[in-house]
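Chemist: Structure provided below as structure tokens; questions to follow.
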Amino acid sequence: MNWSDIWVLYRRELRSAFRDRTIVMNGILVPVFMYPIMMWVMMTGLMFVMGQMDRESSRLVILDPPAEHSALLDTLGAQTNLEIQEDVLSEDSAMVLLRAGDLDALVEFLPPTDEGSALEDNFQVLIRYDRAIGRSSQASARVESTIADYRSEWLSQQASALGIPETEHEQFQIVQDNVSTEEDIGTLLMGMMIPMFLVLMIAMGCLMPAIDSTAGERERSTWETLMTVSASRLSVVTSKYFYVATLGILAGVLNVVAMFASMGVIMGPLLMDLGESANAFQFSLPFLALPVMIVAAIALALFFAAAMMILAAFARTFKDGQAMVGPVFLLAMMPILMGQQTDQTLTPLTAAIPVANAAMMIRDAINGVFLWPLIAETLAVLLAMVTACLLIARVLLKTEDFILLSPDGRFSKFSKIFKSSSRSRLGRNSSEGLK
Amino acid sequence: MAIANVKVEGLQKSFWDESRGEVRAVDGIDFDCQPGEVFGLLGANGAGKTTTLRMLATILKPTGGSASLNGYDVLADPEAVRRSLGFYSASTALYPRLTGRETLEFFARINGYPANQVNQRVEELIDRFGIREYAGARVGKLSSGMRQKISIARTIVHDPPILIFDEPTVGLDVMAALEMQNVIHELRDEGKVIIFSTHIMSEAEKLCDRIGIIHQGRILALGTLEEHRQATGKHYLEDVFVHEVMQAEDQSAKAMASPGEPRTSL
């Protein structure tokens, strides 16, 4: 292996890559612009939906309202977002309308239970709604909230009439005090989002270059040209490997930078519109988090680059390569979701699960948790995977059928070719690989 | 007597085929080439020309015999062989996203041309092949004729003593093929060893100093055009070729009919 050759080949790969629209799109533009655009679309969409739902009135039928509580009926009737339909007089016809979606809620006032009847002017309310319909659920919530407010007010009045201070008739008061700062909340949210998107972007950054540098070379017929240069096969493959890993790391780094840059700017004003404070998206990173994130990103990029290149190298065309690497790419995303489902920090078990371990390691680092033995385990697992991939690549490189005759993207066919290749290695060549 | 720059002895290549078993694509061929000589391998499609040339270019490993180029063995020192070699074929394409100039620079550097002389060499070839006008354009945007010129320049940019052209005129129009033939003549006059494969008789007649007729992985006859004519009594190379192939087929048929007899040495 000659490092000077690797450098020449590596520069050639990068130069070509930065002139390829697909690679630039996936490796640079998507990581940089995805967050601002995605956040803006998500928050704007959320606000739009909330606005729509707020403006929408709830259609109600109220049956048997108690005469003693006419004020409640007046309160319900006065609400602009409640539309009481007075022409429906029976439960049966109201239920027909509710099931048909022409009514959002049926509010039935019932006599109190036996225990409840001891109290004067007591009643029960049955709210019928369709939980499968958002508008109906919202109607139920609105009615419930109005009645709860009315009950609270009514109880206060009753207590006052009996000479009981409010603090005494409501003995078990619940008071919540959120001790986390806005910075803590911001860090929590970043800790949830950065690992997931960093891993995703590194994989995405590796995807196209891995296919382009293997199946793409075959499709363009430049593979044989490359096989005739004086650099060793190992130098050729090493340069490609570093190139793919570089673009993976680049995509990940750009993505994180874009995320930090865009979150405050975009989320702040949107959260203000939603009634949060202007500083709702403050966050800070522990000093050690950055180096830990960088190390994790490098380890992940090396792993994704090796795995994807091996798979893509079985394909003859770019399209075949995409078909082969795509599902594995999605499969690699599963552990990230698993890592997101738990509040736990890294454990010896989770540190042994590739990809998920790196995502959790990054999340821990953002939250200021540095479990060094488990970080070491995570890196060891990832590097073991990289080593396994490189060993497979070494075996493949010794197979000239693999170098020249693509098995058309089918593993089964390749397996046959590999076996036949082993048989055809005769005499003195049997132990030598292509140099 | 000049030192042979290319020496091939008993070169073999076998493949394993699921349906046919072991297939001998190249079955023990011998030849050597001198500097300033165009050596032609003439054969039909599937005769073993490309496999032979790929072994010489170290793309494939021989399964028997030996081959050395410029004194380097293809198995023991493949990188040195490739440094001494320029390989051109219809399946050696260029990187479409590099410009012509970048292409030449890349191949000069990766093939070990002295770094401080790369730019000078590239400019020299740009002038020689008349590609200055589009040397800064990406290869993918050029016409096939323009790409062919850059491809030839790419093959010789590191000034190798040996050049292999595997059916270089396949797919080219008449003018482009003629231009290719002129380049090969020029390179021969510069003292390069040129190994050239073709199935086009007129091309072999016109270009080759010596011709090896290859059929089913074996060289049936080897010599100058005049030697072939004298040996077969045929004037045209096409007739010589047909004569040699038919004779080989007859011998093969006889060998099949009486399997106990030893094979006739060709």
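In the structure tokens, chains take the letters A, B, ... in the order shown, each chain's residues start at 1, and ligands count up from 1 in the order shown.
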Give me the residues within 8 Å of segment 244-249 of chain B as a list of chain:residue names, counting only C-alpha atoms and dropping any in the same chain fewer than 5 places off.

Modeler: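 Here the qualifying residues turn out to be B:Ile213, B:His215, B:Leu220, B:Ala221, B:Thr232.
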
Chemist: Quick one: contact table of chain B to chain A, 6 Å max, nearest atom pair and distance in Å to one decimal per residue, counting only C-alpha atoms, chain and number order, as CSV?

Modeler:
```
residue,atom,partner,partner_atom,distance
B:Phe15,CA,A:Ser424,CA,5.5
B:Trp16,CA,A:Ser420,CA,5.2
B:Thr63,CA,A:Leu426,CA,5.6
B:Glu79,CA,A:Ser230,CA,4.8
B:Arg82,CA,A:Ser230,CA,4.7
B:Arg83,CA,A:Ser230,CA,4.9
B:Ser91,CA,A:Ser221,CA,5.7
B:Thr92,CA,A:Thr225,CA,4.5
B:Ala93,CA,A:Thr222,CA,4.9
B:Leu94,CA,A:Thr222,CA,5.9
B:Arg97,CA,A:Ser16,CA,5.4
B:Ile110,CA,A:Asp5,CA,5.9
B:Asn111,CA,A:Ser230,CA,5.1
```

Chemist: Among segment 124-306 of chain A, which ones does DSSP place in strand (DSSP E), written as an MDAnalysis selection string?

Modeler: chainID A and resid 124:129

Chemist: Could those residues be written to a file, using N, CA and C atoms, as an mmCIF file, in the first residue's frame?

Modeler:
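Listing of selection20.cif after writing:
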```
data_model
loop_
_atom_site.group_PDB
_atom_site.id
_atom_site.type_symbol
_atom_site.label_atom_id
_atom_site.label_comp_id
_atom_site.auth_asym_id
_atom_site.auth_seq_id
_atom_site.Cartn_x
_atom_site.Cartn_y
_atom_site.Cartn_z
ATOM 1 N N GLN A 124 -75.179 13.999 37.194
ATOM 2 C CA GLN A 124 -74.104 13.340 36.428
ATOM 3 C C GLN A 124 -74.165 13.854 34.993
ATOM 4 N N VAL A 125 -73.033 13.889 34.342
ATOM 5 C CA VAL A 125 -73.016 14.239 32.915
ATOM 6 C C VAL A 125 -72.369 13.089 32.144
ATOM 7 N N LEU A 126 -73.069 12.669 31.111
ATOM 8 C CA LEU A 126 -72.496 11.643 30.219
ATOM 9 C C LEU A 126 -72.195 12.311 28.882
ATOM 10 N N ILE A 127 -70.935 12.306 28.515
ATOM 11 C CA ILE A 127 -70.557 12.913 27.227
ATOM 12 C C ILE A 127 -70.260 11.778 26.243
ATOM 13 N N ARG A 128 -71.089 11.701 25.238
ATOM 14 C CA ARG A 128 -70.853 10.679 24.200
ATOM 15 C C ARG A 128 -70.134 11.355 23.028
ATOM 16 N N TYR A 129 -69.068 10.736 22.573
ATOM 17 C CA TYR A 129 -68.313 11.294 21.436
ATOM 18 C C TYR A 129 -67.648 10.158 20.683
#
```

Chemist: Mind giving me the straight-line distance from atom CA of Ala358 of chain A to atom CA of Ala376 of chain A in Å, one decimal?

Modeler: 10.8 Å

Chemist: Would you pick out the contacts of Ser89 of chain B at 7 Å or less, using only C-alpha atoms, so that residues sharing its chain but fewer than 2 positions from it are not included, and give the list as a list of chain:residue names?

Modeler: B:Phe87, B:Ser91, B:Thr92, B:Phe165, B:Asp166, B:Glu167, B:Pro168

Chemist: If I take atom CA of Phe39 of chain B and atom CA of Asn70 of chain B, how far is one from the other in Å, to one decimal?

Modeler: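 These atoms are spaced 15.3 Å apart.
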
Chemist: What separation in Å, quoted to one decimal, exists between atom CA of Asn255 of chain A and atom CA of Leu46 of chain A?

Modeler: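 According to the coordinates, atom CA of Asn255 of chain A and atom CA of Leu46 of chain A are separated by 23.3 Å.
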
Chemist: Would you please give, as a PyMOL selection string, all residues of segment 16-141 of chain B that DSSP assigns to alpha helix (DSSP H) based on the backbone?

Modeler: chain B and resi 49-56+78-83+100-110+118-128

Chemist: So which one's closest to Ala297 of chain A, A:Leu337, A:Leu382, A:Leu330, A:Met309? Using only C-alpha atoms, please.

Modeler: A:Leu382

Chemist: Taking only C-alpha atoms into account, name the residue in A:Ile392, A:Val143, A:Met192, A:Met208 that is nearest to Gly321 of chain A.

Modeler: A:Met208
